[in-house]
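Colleague: Dropping in my_file26.pdb, which is PDB, C-alpha atoms, pLDDT in the B column:
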ATOM      1  CA  MET M   1      32.633 117.973 139.077  1.00 32.00           C
ATOM      2  CA  GLY M   2      35.590 115.556 139.088  1.00 37.00           C
ATOM      3  CA  ARG M   3      35.777 112.011 137.839  1.00 35.00           C
ATOM      4  CA  ILE M   4      34.866 109.283 140.262  1.00 38.00           C
ATOM      5  CA  THR M   5      37.802 106.987 140.923  1.00 39.00           C
ATOM      6  CA  GLN M   6      38.382 103.699 142.702  1.00 44.00           C
ATOM      7  CA  PRO M   7      40.955 103.057 145.430  1.00 48.00           C
ATOM      8  CA  SER M   8      43.316 102.035 142.607  1.00 53.00           C
ATOM      9  CA  GLY M   9      43.066 105.612 141.284  1.00 51.00           C
ATOM     10  CA  ARG M  10      41.463 104.475 138.037  1.00 52.00           C
ATOM     11  CA  PRO M  11      38.216 106.129 136.911  1.00 51.00           C
ATOM     12  CA  ARG M  12      35.009 104.095 137.200  1.00 49.00           C
ATOM     13  CA  ALA M  13      33.597 102.621 133.996  1.00 48.00           C
ATOM     14  CA  ARG M  14      30.601 104.221 132.297  1.00 46.00           C
ATOM     15  CA  THR M  15      27.517 102.226 131.377  1.00 44.00           C
ATOM     16  CA  LYS M  16      27.743 100.513 127.983  1.00 48.00           C
ATOM     17  CA  THR M  17      24.867  98.129 128.572  1.00 47.00           C
ATOM     18  CA  PRO M  18      21.206  97.669 127.620  1.00 52.00           C
ATOM     19  CA  THR M  19      18.559  99.949 129.077  1.00 56.00           C
ATOM     20  CA  ALA M  20      17.561  99.449 132.696  1.00 55.00           C
ATOM     21  CA  GLY M  21      14.037  98.398 131.659  1.00 77.00           C
ATOM     22  CA  MET M  22      15.309  95.209 130.012  1.00 91.00           C
ATOM     23  CA  LYS M  23      15.057  92.006 132.072  1.00 95.00           C
ATOM     24  CA  VAL M  24      17.382  89.005 131.971  1.00 96.00           C
ATOM     25  CA  THR M  25      16.456  85.532 133.244  1.00 96.00           C
ATOM     26  CA  VAL M  26      19.003  84.089 135.656  1.00 97.00           C
ATOM     27  CA  HIS M  27      19.368  80.530 136.951  1.00 96.00           C
ATOM     28  CA  SER M  28      21.062  79.063 139.996  1.00 95.00           C
ATOM     29  CA  ILE M  29      23.464  76.130 140.042  1.00 93.00           C
ATOM     30  CA  ASN M  30      22.343  75.512 143.653  1.00 94.00           C
ATOM     31  CA  VAL M  31      18.609  75.196 142.871  1.00 94.00           C
ATOM     32  CA  PRO M  32      17.965  73.287 139.613  1.00 91.00           C
ATOM     33  CA  GLY M  33      14.930  74.630 137.773  1.00 93.00           C
ATOM     34  CA  TYR M  34      15.005  77.989 139.573  1.00 92.00           C
ATOM     35  CA  SER M  35      14.875  81.122 137.440  1.00 95.00           C
ATOM     36  CA  SER M  36      14.212  84.767 138.086  1.00 96.00           C
ATOM     37  CA  ALA M  37      14.081  87.944 135.992  1.00 96.00           C
ATOM     38  CA  VAL M  38      16.522  90.703 136.971  1.00 97.00           C
ATOM     39  CA  ASN M  39      17.547  94.139 135.689  1.00 96.00           C
ATOM     40  CA  GLY M  40      19.342  93.594 132.378  1.00 96.00           C
ATOM     41  CA  ALA M  41      21.681  96.565 132.571  1.00 96.00           C
ATOM     42  CA  LYS M  42      22.957  95.637 136.023  1.00 97.00           C
ATOM     43  CA  TYR M  43      23.263  91.971 135.040  1.00 98.00           C
ATOM     44  CA  GLU M  44      25.315  92.771 131.927  1.00 97.00           C
ATOM     45  CA  ALA M  45      27.562  95.210 133.804  1.00 98.00           C
ATOM     46  CA  MET M  46      28.249  92.673 136.551  1.00 98.00           C
ATOM     47  CA  ARG M  47      28.737  89.847 134.062  1.00 98.00           C
ATOM     48  CA  ALA M  48      31.388  91.865 132.238  1.00 98.00           C
ATOM     49  CA  ALA M  49      33.101  92.780 135.527  1.00 98.00           C
ATOM     50  CA  LEU M  50      33.092  89.170 136.777  1.00 98.00           C
ATOM     51  CA  LEU M  51      34.475  87.765 133.549  1.00 98.00           C
ATOM     52  CA  ARG M  52      37.166  90.430 133.634  1.00 98.00           C
ATOM     53  CA  VAL M  53      38.374  89.553 137.151  1.00 98.00           C
ATOM     54  CA  LEU M  54      37.981  85.768 137.203  1.00 98.00           C
ATOM     55  CA  PRO M  55      41.127  83.855 136.232  1.00 97.00           C
ATOM     56  CA  ARG M  56      40.965  81.343 133.395  1.00 96.00           C
ATOM     57  CA  ARG M  57      42.358  78.437 135.409  1.00 93.00           C
ATOM     58  CA  SER M  58      42.143  76.791 138.775  1.00 90.00           C
ATOM     59  CA  PRO M  59      42.508  77.474 141.665  1.00 92.00           C
ATOM     60  CA  GLY M  60      40.710  80.789 140.972  1.00 95.00           C
ATOM     61  CA  ILE M  61      39.736  83.489 143.466  1.00 97.00           C
ATOM     62  CA  THR M  62      37.686  83.392 146.652  1.00 97.00           C
ATOM     63  CA  GLN M  63      34.273  84.973 147.018  1.00 97.00           C
ATOM     64  CA  ALA M  64      35.729  87.797 149.125  1.00 98.00           C
ATOM     65  CA  GLU M  65      38.396  88.473 146.473  1.00 98.00           C
ATOM     66  CA  MET M  66      35.725  88.396 143.765  1.00 98.00           C
ATOM     67  CA  PHE M  67      33.503  90.868 145.638  1.00 98.00           C
ATOM     68  CA  ARG M  68      36.399  93.299 146.111  1.00 98.00           C
ATOM     69  CA  ALA M  69      37.730  92.962 142.548  1.00 98.00           C
ATOM     70  CA  VAL M  70      34.501  93.618 140.623  1.00 98.00           C
ATOM     71  CA  VAL M  71      33.749  97.012 142.196  1.00 98.00           C
ATOM     72  CA  GLU M  72      36.341  98.959 140.213  1.00 96.00           C
ATOM     73  CA  HIS M  73      34.953  97.590 136.935  1.00 97.00           C
ATOM     74  CA  LEU M  74      31.321  98.586 137.576  1.00 98.00           C
ATOM     75  CA  PRO M  75      29.639 101.687 136.153  1.00 97.00           C
ATOM     76  CA  GLU M  76      29.037 104.297 138.835  1.00 97.00           C
ATOM     77  CA  ASP M  77      25.588 105.164 137.479  1.00 96.00           C
ATOM     78  CA  LEU M  78      24.350 101.573 138.051  1.00 97.00           C
ATOM     79  CA  PHE M  79      26.300 100.794 141.237  1.00 97.00           C
ATOM     80  CA  PRO M  80      26.875 104.119 143.050  1.00 97.00           C
ATOM     81  CA  GLY M  81      29.693 103.591 145.517  1.00 95.00           C
ATOM     82  CA  GLY M  82      29.522  99.856 144.798  1.00 95.00           C
ATOM     83  CA  ALA M  83      25.999  99.631 146.264  1.00 97.00           C
ATOM     84  CA  LYS M  84      24.473  96.143 146.078  1.00 97.00           C
ATOM     85  CA  SER M  85      27.503  94.844 144.186  1.00 98.00           C
ATOM     86  CA  ASN M  86      27.928  91.788 146.440  1.00 98.00           C
ATOM     87  CA  TRP M  87      24.351  90.622 145.819  1.00 98.00           C
ATOM     88  CA  TRP M  88      24.723  91.137 142.081  1.00 98.00           C
ATOM     89  CA  ALA M  89      28.123  89.414 141.981  1.00 98.00           C
ATOM     90  CA  LYS M  90      26.697  86.342 143.712  1.00 98.00           C
ATOM     91  CA  THR M  91      23.569  86.278 141.523  1.00 97.00           C
ATOM     92  CA  VAL M  92      25.568  86.536 138.296  1.00 98.00           C
ATOM     93  CA  GLN M  93      28.207  84.073 139.536  1.00 98.00           C
ATOM     94  CA  LEU M  94      25.498  81.446 140.252  1.00 97.00           C
ATOM     95  CA  ASP M  95      23.952  82.085 136.824  1.00 97.00           C
ATOM     96  CA  LEU M  96      27.307  81.757 135.050  1.00 98.00           C
ATOM     97  CA  GLU M  97      27.953  78.508 136.934  1.00 97.00           C
ATOM     98  CA  ALA M  98      24.564  77.189 135.800  1.00 96.00           C
ATOM     99  CA  LYS M  99      25.507  78.124 132.205  1.00 96.00           C
ATOM    100  CA  ARG M 100      28.924  76.429 132.597  1.00 96.00           C
ATOM    101  CA  ILE M 101      30.877  79.594 131.945  1.00 97.00           C
ATOM    102  CA  VAL M 102      32.291  79.685 135.488  1.00 97.00           C
ATOM    103  CA  ARG M 103      33.282  76.803 137.760  1.00 97.00           C
ATOM    104  CA  ARG M 104      33.893  76.584 141.477  1.00 95.00           C
ATOM    105  CA  SER M 105      36.880  74.684 142.780  1.00 93.00           C
ATOM    106  CA  THR M 106      36.043  72.640 145.858  1.00 86.00           C
ATOM    107  CA  GLU M 107      39.560  71.237 146.202  1.00 87.00           C
ATOM    108  CA  GLU M 108      40.379  73.624 149.018  1.00 87.00           C
ATOM    109  CA  THR M 109      38.672  75.981 151.401  1.00 92.00           C
ATOM    110  CA  PRO M 110      37.550  78.638 151.060  1.00 94.00           C
ATOM    111  CA  LEU M 111      35.811  77.876 147.751  1.00 96.00           C
ATOM    112  CA  ARG M 112      37.315  79.474 144.670  1.00 97.00           C
ATOM    113  CA  TRP M 113      35.900  80.376 141.242  1.00 97.00           C
ATOM    114  CA  PHE M 114      37.469  80.532 137.790  1.00 97.00           C
ATOM    115  CA  ARG M 115      36.361  80.925 134.165  1.00 97.00           C
ATOM    116  CA  LEU M 116      35.845  78.023 131.808  1.00 95.00           C
ATOM    117  CA  LYS M 117      35.216  80.158 128.706  1.00 85.00           C
TER     118      LYS M 117
END
Just give me the structure as structure tokens.

Modeller:
Amino acid sequence: MGRITQPSGRPRARTKTPTAGMKVTVHSINVPGYSSAVNGAKYEAMRAALLRVLPRRSPGITQAEMFRAVVEHLPEDLFPGGAKSNWWAKTVQLDLEAKRIVRRSTEETPLRWFRLK
């Protein structure tokens, strides 16, 4: 059985996150007061991937660029073939915005995101 690689030719990351049974509470910048519990392992894997691909200064990257960029940094056992990665990227991005770790730039369209921390 060969290693699973991304279009870039690099091997996919292996899981180095908490167990799948752990839950993490996420918030949304768009709906103040909203929270939901999600799979902790998937959250942590996506959080690491997002923080790896988001630039540290404005103007940042678009949502489409973000969705494409995170896939090669996700563990194959949690996101086989990148399955559900767009939903998880958006969920984690909204949570990181609510926590003021990520900011969206509204100075131009389409919207762009970048890291604050």

Colleague: For this structure, which residues satisfy the selection - the PyMOL selection byres ((chain M and resi 36) around 9) - when it is evaluated on the file as given? I want them as a PyMOL selection string.

Modeller: chain M and resi 24-27+34-35+37-38

Colleague: At what distance in Å, to one decimal, does CA of Met22 (chain M) lie from CA of Leu116 (chain M)?

Modeller: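 Taking CA of Leu116 (chain M) as the start and CA of Met22 (chain M) as the end point, the length is 26.8 Å.
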
Colleague: May I ask which of the residues M:Ala48, M:Leu78, M:Leu54, M:Ala83 is the closest one to Arg103 (chain M), counting all atoms listed in the file?

Modeller: M:Leu54

Colleague: What is the distance, in Å and to one decimal place, between CA of Thr106 (chain M) and CA of Pro55 (chain M)?

Modeller: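 Value for the CA of Thr106 (chain M)-CA of Pro55 (chain M) distance: 15.6 Å.
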
Colleague: Using all atoms listed in the file, determine which residues lie at most 6 Å from Val102 (chain M), disregarding the query and same-chain residues fewer than 3 positions distant; provide the list as a list in words.

Modeller: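 My list of contacting residues is Leu96, Glu97, Phe114, Arg115 and Leu116 of chain M.
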
Colleague: Please evaluate the PyMOL selection byres ((chain M and resi 65-74) around 7) against the displayed coordinates and give the resulting residues as a list in words.

Modeller: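 Here the PyMOL selection byres ((chain M and resi 65-74) around 7) matches Gln6, Arg12, Ala13, Ala45, Met46, Ala49, Leu50, Val53, Ile61, Thr62, Gln63, Ala64, Pro75, Glu76, Phe79, Gly82, Ser85, Asn86 and Ala89 of chain M.
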